[in-house]
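So this block is target.cif, mmCIF, C-alpha atoms; chains and numbers go by the auth columns:
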data_upload
#
loop_
_atom_site.group_PDB
_atom_site.id
_atom_site.type_symbol
_atom_site.label_atom_id
_atom_site.label_comp_id
_atom_site.label_asym_id
_atom_site.label_seq_id
_atom_site.Cartn_x
_atom_site.Cartn_y
_atom_site.Cartn_z
_atom_site.B_iso_or_equiv
_atom_site.auth_seq_id
_atom_site.auth_asym_id
ATOM 1 C CA MET A 1 -142.183 187.219 -265.846 0.00 1123 G
ATOM 2 C CA PHE A 2 -141.664 190.934 -266.355 0.00 1124 G
ATOM 3 C CA ASP A 3 -140.835 190.705 -270.057 0.00 1125 G
ATOM 4 C CA ASP A 4 -143.977 192.599 -271.057 0.00 1126 G
ATOM 5 C CA VAL A 5 -143.317 195.356 -268.515 0.00 1127 G
ATOM 6 C CA LEU A 6 -139.736 195.761 -269.718 0.00 1128 G
ATOM 7 C CA ALA A 7 -140.910 195.855 -273.332 0.00 1129 G
ATOM 8 C CA ILE A 8 -143.435 198.572 -272.417 0.00 1130 G
ATOM 9 C CA ALA A 9 -140.669 200.581 -270.724 0.00 1131 G
ATOM 10 C CA ARG A 10 -138.488 200.334 -273.845 0.00 1132 G
ATOM 11 C CA ASN A 11 -141.352 201.376 -276.123 0.00 1133 G
ATOM 12 C CA THR A 12 -142.177 204.280 -273.800 0.00 1134 G
ATOM 13 C CA ALA A 13 -138.613 205.556 -274.022 0.00 1135 G
ATOM 14 C CA ARG A 14 -138.695 205.180 -277.797 0.00 1136 G
ATOM 15 C CA LEU A 15 -141.942 207.148 -278.110 0.00 1137 G
ATOM 16 C CA MET A 16 -140.602 209.920 -275.876 0.00 1138 G
ATOM 17 C CA VAL A 17 -137.308 210.225 -277.769 0.00 1139 G
ATOM 18 C CA GLN A 18 -138.884 210.088 -281.217 0.00 1140 G
ATOM 19 C CA GLY A 19 -141.605 212.552 -280.234 0.00 1141 G
ATOM 20 C CA TRP A 20 -139.426 214.950 -278.237 0.00 1142 G
ATOM 21 C CA TRP A 21 -140.730 218.101 -279.946 0.00 1143 G
ATOM 22 C CA ARG A 22 -144.215 216.820 -280.801 0.00 1144 G
ATOM 23 C CA THR A 23 -145.194 215.125 -277.538 0.00 1145 G
ATOM 24 C CA THR A 24 -142.602 215.091 -274.732 0.00 1146 G
ATOM 25 C CA LEU A 25 -141.838 218.813 -274.506 0.00 1147 G
ATOM 26 C CA PRO A 26 -145.489 219.882 -275.008 0.00 1148 G
ATOM 27 C CA THR A 27 -146.514 217.435 -272.257 0.00 1149 G
ATOM 28 C CA ALA A 28 -144.010 218.994 -269.858 0.00 1150 G
ATOM 29 C CA LEU A 29 -145.407 222.461 -270.582 0.00 1151 G
ATOM 30 C CA LEU A 30 -148.983 221.210 -270.222 0.00 1152 G
ATOM 31 C CA VAL A 31 -148.295 219.640 -266.827 0.00 1153 G
ATOM 32 C CA LEU A 32 -146.432 222.649 -265.477 0.00 1154 G
ATOM 33 C CA THR A 33 -149.181 224.967 -266.697 0.00 1155 G
ATOM 34 C CA ALA A 34 -151.896 222.761 -265.181 0.00 1156 G
ATOM 35 C CA MET A 35 -150.147 222.947 -261.818 0.00 1157 G
ATOM 36 C CA GLN A 36 -150.734 226.719 -261.688 0.00 1158 G
ATOM 37 C CA LEU A 37 -154.435 226.183 -260.923 0.00 1159 G
ATOM 38 C CA PRO A 38 -154.471 224.919 -257.285 0.00 1160 G
ATOM 39 C CA VAL A 39 -152.846 227.995 -255.701 0.00 1161 G
ATOM 40 C CA PRO A 40 -155.309 230.608 -257.051 0.00 1162 G
ATOM 41 C CA VAL A 41 -158.214 228.242 -256.309 0.00 1163 G
ATOM 42 C CA TYR A 42 -156.988 227.937 -252.730 0.00 1164 G
ATOM 43 C CA GLN A 43 -156.766 231.716 -252.459 0.00 1165 G
ATOM 44 C CA ILE A 44 -160.186 232.384 -254.028 0.00 1166 G
ATOM 45 C CA THR A 45 -161.962 229.956 -251.672 0.00 1167 G
ATOM 46 C CA ALA A 46 -160.205 231.315 -248.567 0.00 1168 G
ATOM 47 C CA GLU A 47 -163.200 233.430 -247.491 0.00 1169 G
ATOM 48 C CA HIS A 48 -165.848 230.773 -248.120 0.00 1170 G
ATOM 49 C CA LEU A 49 -164.496 227.402 -246.982 0.00 1171 G
ATOM 50 C CA PRO A 50 -162.665 226.020 -243.947 0.00 1172 G
ATOM 51 C CA PHE A 51 -159.052 225.004 -244.382 0.00 1173 G
ATOM 52 C CA ALA A 52 -159.580 221.285 -245.001 0.00 1174 G
ATOM 53 C CA ALA A 53 -162.338 221.822 -247.582 0.00 1175 G
ATOM 54 C CA ARG A 54 -160.339 224.610 -249.215 0.00 1176 G
ATOM 55 C CA LEU A 55 -157.307 222.406 -249.648 0.00 1177 G
ATOM 56 C CA GLY A 56 -159.467 219.536 -250.903 0.00 1178 G
ATOM 57 C CA VAL A 57 -161.049 221.762 -253.561 0.00 1179 G
ATOM 58 C CA ALA A 58 -157.622 223.085 -254.587 0.00 1180 G
ATOM 59 C CA ALA A 59 -156.248 219.550 -254.891 0.00 1181 G
ATOM 60 C CA TRP A 60 -159.330 218.498 -256.880 0.00 1182 G
ATOM 61 C CA SER A 61 -158.829 221.405 -259.292 0.00 1183 G
ATOM 62 C CA GLY A 62 -155.185 220.417 -259.732 0.00 1184 G
ATOM 63 C CA ALA A 63 -156.120 216.801 -260.414 0.00 1185 G
ATOM 64 C CA MET A 64 -158.737 217.947 -262.948 0.00 1186 G
ATOM 65 C CA ALA A 65 -156.158 220.128 -264.684 0.00 1187 G
ATOM 66 C CA LEU A 66 -153.698 217.236 -264.669 0.00 1188 G
ATOM 67 C CA ALA A 67 -156.321 214.910 -266.183 0.00 1189 G
ATOM 68 C CA ALA A 68 -156.924 217.475 -268.937 0.00 1190 G
ATOM 69 C CA ALA A 69 -153.182 217.760 -269.606 0.00 1191 G
ATOM 70 C CA MET A 70 -152.877 213.971 -269.783 0.00 1192 G
ATOM 71 C CA ALA A 71 -155.818 213.805 -272.215 0.00 1193 G
ATOM 72 C CA VAL A 72 -154.233 216.349 -274.570 0.00 1194 G
ATOM 73 C CA ALA A 73 -150.862 214.614 -274.298 0.00 1195 G
ATOM 74 C CA THR A 74 -152.484 211.246 -275.056 0.00 1196 G
ATOM 75 C CA LEU A 75 -153.971 212.753 -278.207 0.00 1197 G
ATOM 76 C CA LEU A 76 -150.522 214.042 -279.237 0.00 1198 G
ATOM 77 C CA VAL A 77 -148.986 210.597 -278.744 0.00 1199 G
ATOM 78 C CA ALA A 78 -151.852 208.998 -280.692 0.00 1200 G
ATOM 79 C CA LEU A 79 -151.172 211.404 -283.573 0.00 1201 G
ATOM 80 C CA GLN A 80 -147.519 210.438 -283.426 0.00 1202 G
ATOM 81 C CA CYS A 81 -148.518 206.758 -283.608 0.00 1203 G
ATOM 82 C CA GLY A 82 -150.696 207.209 -286.686 0.00 1204 G
ATOM 83 C CA LEU A 83 -154.061 208.708 -285.722 0.00 1205 G
ATOM 84 C CA GLY A 84 -155.362 210.576 -288.761 0.00 1206 G
ATOM 85 C CA TRP A 85 -156.039 214.304 -288.585 0.00 1207 G
ATOM 86 C CA ARG A 86 -159.544 213.716 -289.927 0.00 1208 G
ATOM 87 C CA GLU A 87 -160.309 211.723 -286.796 0.00 1209 G
ATOM 88 C CA VAL A 88 -159.131 214.459 -284.422 0.00 1210 G
ATOM 89 C CA PRO A 89 -162.588 216.084 -283.853 0.00 1211 G
ATOM 90 C CA ARG A 90 -164.115 212.728 -282.860 0.00 1212 G
ATOM 91 C CA ALA A 91 -161.097 211.902 -280.744 0.00 1213 G
ATOM 92 C CA VAL A 92 -161.331 215.220 -278.915 0.00 1214 G
ATOM 93 C CA LEU A 93 -165.020 214.714 -278.147 0.00 1215 G
ATOM 94 C CA ARG A 94 -164.298 211.257 -276.723 0.00 1216 G
ATOM 95 C CA LEU A 95 -161.453 212.566 -274.587 0.00 1217 G
ATOM 96 C CA VAL A 96 -163.697 215.346 -273.273 0.00 1218 G
ATOM 97 C CA ARG A 97 -166.289 212.750 -272.216 0.00 1219 G
ATOM 98 C CA ILE A 98 -163.615 210.697 -270.494 0.00 1220 G
ATOM 99 C CA TRP A 99 -162.224 213.798 -268.788 0.00 1221 G
ATOM 100 C CA LEU A 100 -165.656 214.783 -267.451 0.00 1222 G
ATOM 101 C CA THR A 101 -166.087 211.254 -266.084 0.00 1223 G
ATOM 102 C CA GLN A 102 -162.670 211.430 -264.450 0.00 1224 G
ATOM 103 C CA CYS A 103 -163.580 214.767 -262.860 0.00 1225 G
ATOM 104 C CA LEU A 104 -166.550 213.088 -261.173 0.00 1226 G
ATOM 105 C CA TRP A 105 -164.382 210.187 -260.006 0.00 1227 G
ATOM 106 C CA LEU A 106 -161.871 212.646 -258.534 0.00 1228 G
ATOM 107 C CA VAL A 107 -164.484 214.011 -256.140 0.00 1229 G
ATOM 108 C CA ALA A 108 -164.257 210.921 -253.885 0.00 1230 G
ATOM 109 C CA PRO A 109 -160.467 211.063 -253.269 0.00 1231 G
ATOM 110 C CA ALA A 110 -160.729 214.851 -252.831 0.00 1232 G
ATOM 111 C CA LEU A 111 -163.365 214.363 -250.112 0.00 1233 G
ATOM 112 C CA LEU A 112 -161.149 211.723 -248.508 0.00 1234 G
ATOM 113 C CA LEU A 113 -158.231 214.167 -248.542 0.00 1235 G
ATOM 114 C CA SER A 114 -160.385 216.865 -246.940 0.00 1236 G
ATOM 115 C CA GLY A 115 -161.453 214.495 -244.189 0.00 1237 G
ATOM 116 C CA VAL A 116 -157.896 213.417 -243.416 0.00 1238 G
ATOM 117 C CA LEU A 117 -156.725 217.029 -243.355 0.00 1239 G
ATOM 118 C CA GLY A 118 -159.592 217.983 -241.080 0.00 1240 G
ATOM 119 C CA PHE A 119 -158.364 215.504 -238.469 0.00 1241 G
ATOM 120 C CA ALA A 120 -154.760 216.571 -239.061 0.00 1242 G
ATOM 121 C CA VAL A 121 -155.570 220.223 -238.365 0.00 1243 G
ATOM 122 C CA VAL A 122 -157.253 219.267 -235.092 0.00 1244 G
ATOM 123 C CA ALA A 123 -154.056 217.447 -234.091 0.00 1245 G
ATOM 124 C CA ASP A 124 -151.668 220.131 -235.333 0.00 1246 G
ATOM 125 C CA GLN A 125 -152.917 223.695 -235.642 0.00 1247 G
ATOM 126 C CA SER A 126 -149.702 224.815 -237.348 0.00 1248 G
ATOM 127 C CA LEU A 127 -150.514 222.835 -240.503 0.00 1249 G
ATOM 128 C CA ALA A 128 -152.908 225.457 -241.863 0.00 1250 G
ATOM 129 C CA ALA A 129 -150.426 228.252 -241.203 0.00 1251 G
ATOM 130 C CA TRP A 130 -147.686 226.315 -242.991 0.00 1252 G
ATOM 131 C CA VAL A 131 -149.859 225.754 -246.073 0.00 1253 G
ATOM 132 C CA ASP A 132 -150.900 229.418 -246.065 0.00 1254 G
ATOM 133 C CA GLY A 133 -147.235 230.398 -246.019 0.00 1255 G
ATOM 134 C CA TYR A 134 -146.521 228.044 -248.905 0.00 1256 G
ATOM 135 C CA VAL A 135 -149.372 229.553 -250.950 0.00 1257 G
ATOM 136 C CA ALA A 136 -148.226 233.105 -250.173 0.00 1258 G
ATOM 137 C CA GLU A 137 -144.717 232.219 -251.340 0.00 1259 G
ATOM 138 C CA ARG A 138 -146.077 230.772 -254.585 0.00 1260 G
ATOM 139 C CA LEU A 139 -148.233 233.814 -255.265 0.00 1261 G
ATOM 140 C CA ALA A 140 -145.328 236.144 -254.586 0.00 1262 G
ATOM 141 C CA ALA A 141 -143.049 234.195 -256.934 0.00 1263 G
ATOM 142 C CA GLY A 142 -145.625 234.096 -259.756 0.00 1264 G
ATOM 143 C CA TRP A 143 -144.688 232.108 -262.839 0.00 1265 G
ATOM 144 C CA GLN A 144 -141.045 232.153 -261.787 0.00 1266 G
ATOM 145 C CA HIS A 145 -141.670 229.364 -259.274 0.00 1267 G
ATOM 146 C CA TRP A 146 -141.659 226.790 -262.054 0.00 1268 G
ATOM 147 C CA LEU A 147 -139.407 228.604 -264.498 0.00 1269 G
ATOM 148 C CA HIS A 148 -136.625 228.198 -261.924 0.00 1270 G
ATOM 149 C CA TRP A 149 -135.599 224.578 -261.484 0.00 1271 G
ATOM 150 C CA GLN A 150 -134.944 225.157 -257.785 0.00 1272 G
ATOM 151 C CA GLN A 151 -138.639 225.826 -257.069 0.00 1273 G
ATOM 152 C CA PRO A 152 -140.974 223.274 -258.662 0.00 1274 G
ATOM 153 C CA PRO A 153 -144.709 223.317 -257.812 0.00 1275 G
ATOM 154 C CA HIS A 154 -144.039 220.776 -255.095 0.00 1276 G
ATOM 155 C CA LEU A 155 -147.282 220.261 -253.169 0.00 1277 G
ATOM 156 C CA GLU A 156 -149.419 220.865 -256.258 0.00 1278 G
ATOM 157 C CA LEU A 157 -147.720 218.070 -258.177 0.00 1279 G
ATOM 158 C CA VAL A 158 -147.813 215.623 -255.281 0.00 1280 G
ATOM 159 C CA ALA A 159 -151.490 216.256 -254.461 0.00 1281 G
ATOM 160 C CA ALA A 160 -152.622 216.168 -258.097 0.00 1282 G
ATOM 161 C CA ILE A 161 -150.794 212.954 -258.957 0.00 1283 G
ATOM 162 C CA ALA A 162 -152.027 211.326 -255.730 0.00 1284 G
ATOM 163 C CA LEU A 163 -155.675 212.087 -256.510 0.00 1285 G
ATOM 164 C CA TYR A 164 -155.361 211.309 -260.208 0.00 1286 G
ATOM 165 C CA GLY A 165 -153.524 208.049 -259.551 0.00 1287 G
ATOM 166 C CA LEU A 166 -155.970 206.969 -256.848 0.00 1288 G
ATOM 167 C CA ALA A 167 -158.933 207.522 -259.164 0.00 1289 G
ATOM 168 C CA ALA A 168 -157.194 205.651 -261.987 0.00 1290 G
ATOM 169 C CA ALA A 169 -156.358 202.750 -259.683 0.00 1291 G
ATOM 170 C CA ILE A 170 -159.881 202.453 -258.254 0.00 1292 G
ATOM 171 C CA ALA A 171 -161.502 202.593 -261.693 0.00 1293 G
ATOM 172 C CA ALA A 172 -158.707 200.581 -263.385 0.00 1294 G
ATOM 173 C CA ASN A 173 -158.912 202.967 -266.331 0.00 1295 G
ATOM 174 C CA TRP A 174 -155.185 203.296 -267.055 0.00 1296 G
ATOM 175 C CA LEU A 175 -155.608 202.260 -270.716 0.00 1297 G
ATOM 176 C CA TRP A 176 -159.032 203.787 -271.300 0.00 1298 G
ATOM 177 C CA PRO A 177 -158.116 207.105 -273.040 0.00 1299 G
ATOM 178 C CA PRO A 178 -155.792 205.637 -275.703 0.00 1300 G
ATOM 179 C CA LEU A 179 -158.125 202.701 -276.361 0.00 1301 G
ATOM 180 C CA ALA A 180 -161.041 205.119 -276.853 0.00 1302 G
ATOM 181 C CA LEU A 181 -158.938 206.815 -279.552 0.00 1303 G
ATOM 182 C CA LEU A 182 -157.961 203.509 -281.123 0.00 1304 G
ATOM 183 C CA ARG A 183 -161.564 202.271 -281.355 0.00 1305 G
ATOM 184 C CA LEU A 184 -163.446 205.390 -282.412 0.00 1306 G
ATOM 185 C CA ASP A 185 -166.446 203.402 -283.676 0.00 1307 G
ATOM 186 C CA ASP A 186 -167.110 201.741 -280.302 0.00 1308 G
ATOM 187 C CA GLN A 187 -169.114 203.237 -277.460 0.00 1309 G
ATOM 188 C CA VAL A 188 -166.955 205.101 -274.930 0.00 1310 G
ATOM 189 C CA ALA A 189 -168.281 202.989 -272.038 0.00 1311 G
ATOM 190 C CA ALA A 190 -167.566 199.796 -273.974 0.00 1312 G
ATOM 191 C CA THR A 191 -163.948 200.832 -274.531 0.00 1313 G
ATOM 192 C CA ARG A 192 -163.530 201.295 -270.776 0.00 1314 G
ATOM 193 C CA ARG A 193 -164.648 197.732 -270.081 0.00 1315 G
ATOM 194 C CA GLN A 194 -162.384 196.440 -272.832 0.00 1316 G
ATOM 195 C CA ALA A 195 -159.460 198.497 -271.501 0.00 1317 G
ATOM 196 C CA ARG A 196 -159.860 196.843 -268.097 0.00 1318 G
ATOM 197 C CA ARG A 197 -159.771 193.397 -269.710 0.00 1319 G
ATOM 198 C CA MET A 198 -156.718 194.309 -271.762 0.00 1320 G
ATOM 199 C CA LEU A 199 -154.954 195.576 -268.643 0.00 1321 G
ATOM 200 C CA GLN A 200 -155.386 192.157 -267.064 0.00 1322 G
ATOM 201 C CA ARG A 201 -153.605 190.512 -270.019 0.00 1323 G
ATOM 202 C CA ILE A 202 -150.270 191.991 -268.951 0.00 1324 G
ATOM 203 C CA PRO A 203 -149.298 190.405 -265.598 0.00 1325 G
ATOM 204 C CA HIS A 204 -148.043 192.854 -262.961 0.00 1326 G
ATOM 205 C CA LEU A 205 -148.590 195.918 -265.180 0.00 1327 G
ATOM 206 C CA GLU A 206 -151.195 197.526 -262.941 0.00 1328 G
ATOM 207 C CA TRP A 207 -149.136 196.864 -259.823 0.00 1329 G
ATOM 208 C CA VAL A 208 -146.032 198.323 -261.460 0.00 1330 G
ATOM 209 C CA LEU A 209 -147.983 201.471 -262.370 0.00 1331 G
ATOM 210 C CA LEU A 210 -149.501 201.838 -258.908 0.00 1332 G
ATOM 211 C CA VAL A 211 -146.394 201.002 -256.875 0.00 1333 G
ATOM 212 C CA GLY A 212 -144.244 203.281 -259.034 0.00 1334 G
ATOM 213 C CA MET A 213 -146.666 206.154 -258.521 0.00 1335 G
ATOM 214 C CA VAL A 214 -146.893 205.653 -254.747 0.00 1336 G
ATOM 215 C CA ALA A 215 -143.111 205.368 -254.433 0.00 1337 G
ATOM 216 C CA ALA A 216 -142.572 208.580 -256.402 0.00 1338 G
ATOM 217 C CA ILE A 217 -145.064 210.461 -254.222 0.00 1339 G
ATOM 218 C CA VAL A 218 -143.578 209.196 -250.948 0.00 1340 G
ATOM 219 C CA VAL A 219 -140.035 210.073 -252.019 0.00 1341 G
ATOM 220 C CA ALA A 220 -141.141 213.509 -253.253 0.00 1342 G
ATOM 221 C CA LEU A 221 -142.809 214.247 -249.916 0.00 1343 G
ATOM 222 C CA TRP A 222 -139.620 213.529 -247.985 0.00 1344 G
ATOM 223 C CA VAL A 223 -137.046 214.837 -250.479 0.00 1345 G
ATOM 224 C CA ALA A 224 -138.230 218.031 -252.152 0.00 1346 G
ATOM 225 C CA PRO A 225 -135.930 217.876 -255.238 0.00 1347 G
ATOM 226 C CA ALA A 226 -137.325 214.412 -255.978 0.00 1348 G
ATOM 227 C CA VAL A 227 -140.530 216.099 -257.120 0.00 1349 G
ATOM 228 C CA TRP A 228 -138.817 216.472 -260.487 0.00 1350 G
ATOM 229 C CA GLY A 229 -138.897 212.685 -260.684 0.00 1351 G
ATOM 230 C CA VAL A 230 -142.668 212.902 -260.290 0.00 1352 G
ATOM 231 C CA LEU A 231 -142.727 215.449 -263.107 0.00 1353 G
ATOM 232 C CA VAL A 232 -140.682 213.153 -265.353 0.00 1354 G
ATOM 233 C CA MET A 233 -143.112 210.338 -264.574 0.00 1355 G
ATOM 234 C CA LEU A 234 -146.037 212.543 -265.581 0.00 1356 G
ATOM 235 C CA ILE A 235 -144.325 213.552 -268.809 0.00 1357 G
ATOM 236 C CA ALA A 236 -143.794 209.872 -269.607 0.00 1358 G
ATOM 237 C CA TRP A 237 -147.339 208.898 -268.627 0.00 1359 G
ATOM 238 C CA PRO A 238 -149.143 209.368 -271.998 0.00 1360 G
ATOM 239 C CA ALA A 239 -146.393 207.534 -273.880 0.00 1361 G
ATOM 240 C CA LEU A 240 -146.447 204.817 -271.212 0.00 1362 G
ATOM 241 C CA VAL A 241 -150.173 204.098 -271.496 0.00 1363 G
ATOM 242 C CA VAL A 242 -150.009 204.104 -275.292 0.00 1364 G
ATOM 243 C CA ALA A 243 -147.036 201.716 -275.217 0.00 1365 G
ATOM 244 C CA ALA A 244 -148.898 199.528 -272.719 0.00 1366 G
ATOM 245 C CA LEU A 245 -151.944 199.508 -274.977 0.00 1367 G
ATOM 246 C CA GLN A 246 -149.843 198.485 -277.960 0.00 1368 G
ATOM 247 C CA ARG A 247 -148.356 195.621 -275.964 0.00 1369 G
ATOM 248 C CA SER A 248 -151.553 194.506 -274.239 0.00 1370 G
ATOM 249 C CA ARG A 249 -153.567 194.659 -277.459 0.00 1371 G
ATOM 250 C CA ASP A 250 -151.490 191.815 -278.883 0.00 1372 G
ATOM 251 C CA ALA A 251 -151.772 189.857 -275.647 0.00 1373 G
ATOM 252 C CA TYR A 252 -155.506 190.528 -275.472 0.00 1374 G
ATOM 253 C CA TRP A 253 -156.258 189.300 -278.965 0.00 1375 G
ATOM 254 C CA ARG A 254 -154.042 186.242 -278.486 0.00 1376 G
ATOM 255 C CA GLY A 255 -156.006 185.315 -275.387 0.00 1377 G
ATOM 256 C CA PHE A 256 -159.354 186.262 -276.899 0.00 1378 G
ATOM 257 C CA SER A 257 -158.794 183.997 -279.902 0.00 1379 G
ATOM 258 C CA ARG A 258 -158.115 180.914 -277.770 0.00 1380 G
#

Take the structure I supplied and represent it as structure tokens, if you would.
Amino acid sequence: MFDDVLAIARNTARLMVQGWWRTTLPTALLVLTAMQLPVPVYQITAEHLPFAARLGVAAWSGAMALAAAMAVATLLVALQCGLGWREVPRAVLRLVRIWLTQCLWLVAPALLLSGVLGFAVVADQSLAAWVDGYVAERLAAGWQHWLHWQQPPHLELVAAIALYGLAAAIAANWLWPPLALLRLDDQVAATRRQARRMLQRIPHLEWVLLVGMVAAIVVALWVAPAVWGVLVMLIAWPALVVAALQRSRDAYWRGFSR
């Protein structure tokens, strides 16, 4: 029943190992760099927004940066899998369009997060002070807070992956970016609809993606060092969606030809 999921996991590992220098390591650097954005955004908006809105905007900026990192990493994996260099300009333009769409989708979960935090602050006034202390510690540490393995960008990673994953789950666009690169002659919107149909051809795939993401976030919230597991999941994400596309493409065309 889970043969396709296991095959996708094996292909993901293969892509990551084979592309260690070309895709895996650059993806790690992209994600860690993207996670530098929420803290300065939180600080800049301190004088203009209340706490809940400020944290929502910071989380939204982190999710946007994460979406951009995932788009670039997806392009790197596509190049590893055979995308021609002549097609790179078109591929970049398509990924930019998808990224802008994702940024709009991320507004809804960011507003939801702000609302939840607004109620939380009313119930516990110390929450804002705790977050302010966390931000001050990050600013004081500078870039060292992710160069040292003991201090990963904990809350930034958790918030960004939560918003990014929620938007991907609601829109069911897990396979959209790599499919848009595979079918460069199709309309971008058409590739999204096709990606949703292809996702349905692999039983349990979407639930495995969603449950795995939620589990990683919950564990990372309760056990701080487990946030590195979230980071590993993010590094594997572009290779995972490409491997899933490769697997579901065969299943899709088999079902489509019936």

Test item: residues at most 10 Å from G:Leu1353, only C-alpha atoms, excluding those fewer than 3 positions along its chain, as a PyMOL selection string
chain G and resi 1150+1153-1154+1274-1276+1279-1280+1283+1338+1348-1350+1356-1359

For stretch 1248-1252 of chain G, please output as number ranges by chain all residues within 9 Å (counting only C-alpha atoms; exclusion window: fewer than 5 positions along the same chain).
G: 1173-1174, 1239, 1242-1243, 1257

Find the spatial neighbours of G:Arg1315, counting all atoms listed in the file, within a cut-off of 12 Å - ignore same-chain residues fewer than 2 positions away - and output them as a ChimeraX atom specification.
/G:1293-1299,1301-1302,1308-1313,1317-1322

Output, as JSON, the centre and edge lengths in Å (one decimal) of the axis-aligned box that contains all listed atoms of stretch 1297-1310 of chain G with 6 Å of margin on each side.
{"center_x": -162.4, "center_y": 204.4, "center_z": -277.2, "size_x": 25.5, "size_y": 17.4, "size_z": 25.0}

Measure the distance from atom CA of G:Met1138 to atom CA of G:Pro1160 in Å and round it to one decimal.
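Between these atoms lies a distance of 27.6 Å.
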
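The nearest approach to G:Gln1316 among the residues G:Val1199, G:Ala1342, G:Ser1370, G:Ala1337, with all atoms listed in the file taken into account, belongs to G:Ser1370.
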
The PyMOL selection byres ((chain G and resi 1178) around 8) applied to the shown file, residues as a list in words
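Residues picked by the PyMOL selection byres ((chain G and resi 1178) around 8): Ala1174, Ala1175, Arg1176, Leu1177, Val1179, Ala1180, Ala1181, Trp1182, Ala1232, Leu1233, Leu1235 and Ser1236 of chain G.
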
Which polymer residues have any atom within 9 Å of an atom of G:Ile1130, counting all atoms listed in the file, with same-chain residues fewer than 4 positions away left out, as a ChimeraX atom specification?
/G:1125-1126,1134-1135,1362-1363,1365-1369

Restricting the calculation to only C-alpha atoms: of G:Val1210, G:Ala1281, G:Val1139, G:Val1253, which residue gets closest to G:Met1157?
G:Ala1281

Quick one: everything within 9 Å of G:Glu1209, counting only C-alpha atoms, minus sequence neighbours fewer than 5 positions away in the same chain. Send it as a tab-separated table (two decimals) with C-alpha atoms, in the coordinates of the input.
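Wrote it out as around.tsv, contents follow:
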chain	number	residue	atom	x	y	z
G	1214	VAL	CA	-161.33	215.22	-278.92
G	1303	LEU	CA	-158.94	206.82	-279.55
G	1306	LEU	CA	-163.45	205.39	-282.41

Which of G:Ala1131, G:Cys1225, G:Ala1187, G:Val1194 sits closest to G:Pro1300 [using all atoms listed in the file]:
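Of the candidates, the smallest distance to G:Pro1300 is held by G:Val1194.
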
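Shortest atom-to-atom contact with G:Ala1291 among G:Arg1212, G:Asp1254, G:Met1335, G:Ala1262: G:Met1335, counting only C-alpha atoms.
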
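In this structure, atom CA of G:Val1218 sits 11.4 Å away from atom CA of G:Ala1191.
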
Which one of G:Ala1129, G:Met1192, G:Leu1226, G:Ala1200 sits closest to G:Met1355 if you count all atoms listed in the file?
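Going through G:Ala1129, G:Met1192, G:Leu1226, G:Ala1200 one by one, the smallest distance to G:Met1355 is for G:Met1192.
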
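Take atom CA of G:Leu1188 and atom CA of G:Val1161: the distance between them is 14.0 Å.
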
Between G:Leu1234, G:Met1186, G:Leu1152, G:Val1244, which is the closest to G:Leu1222 once you count all atoms listed in the file?
G:Met1186
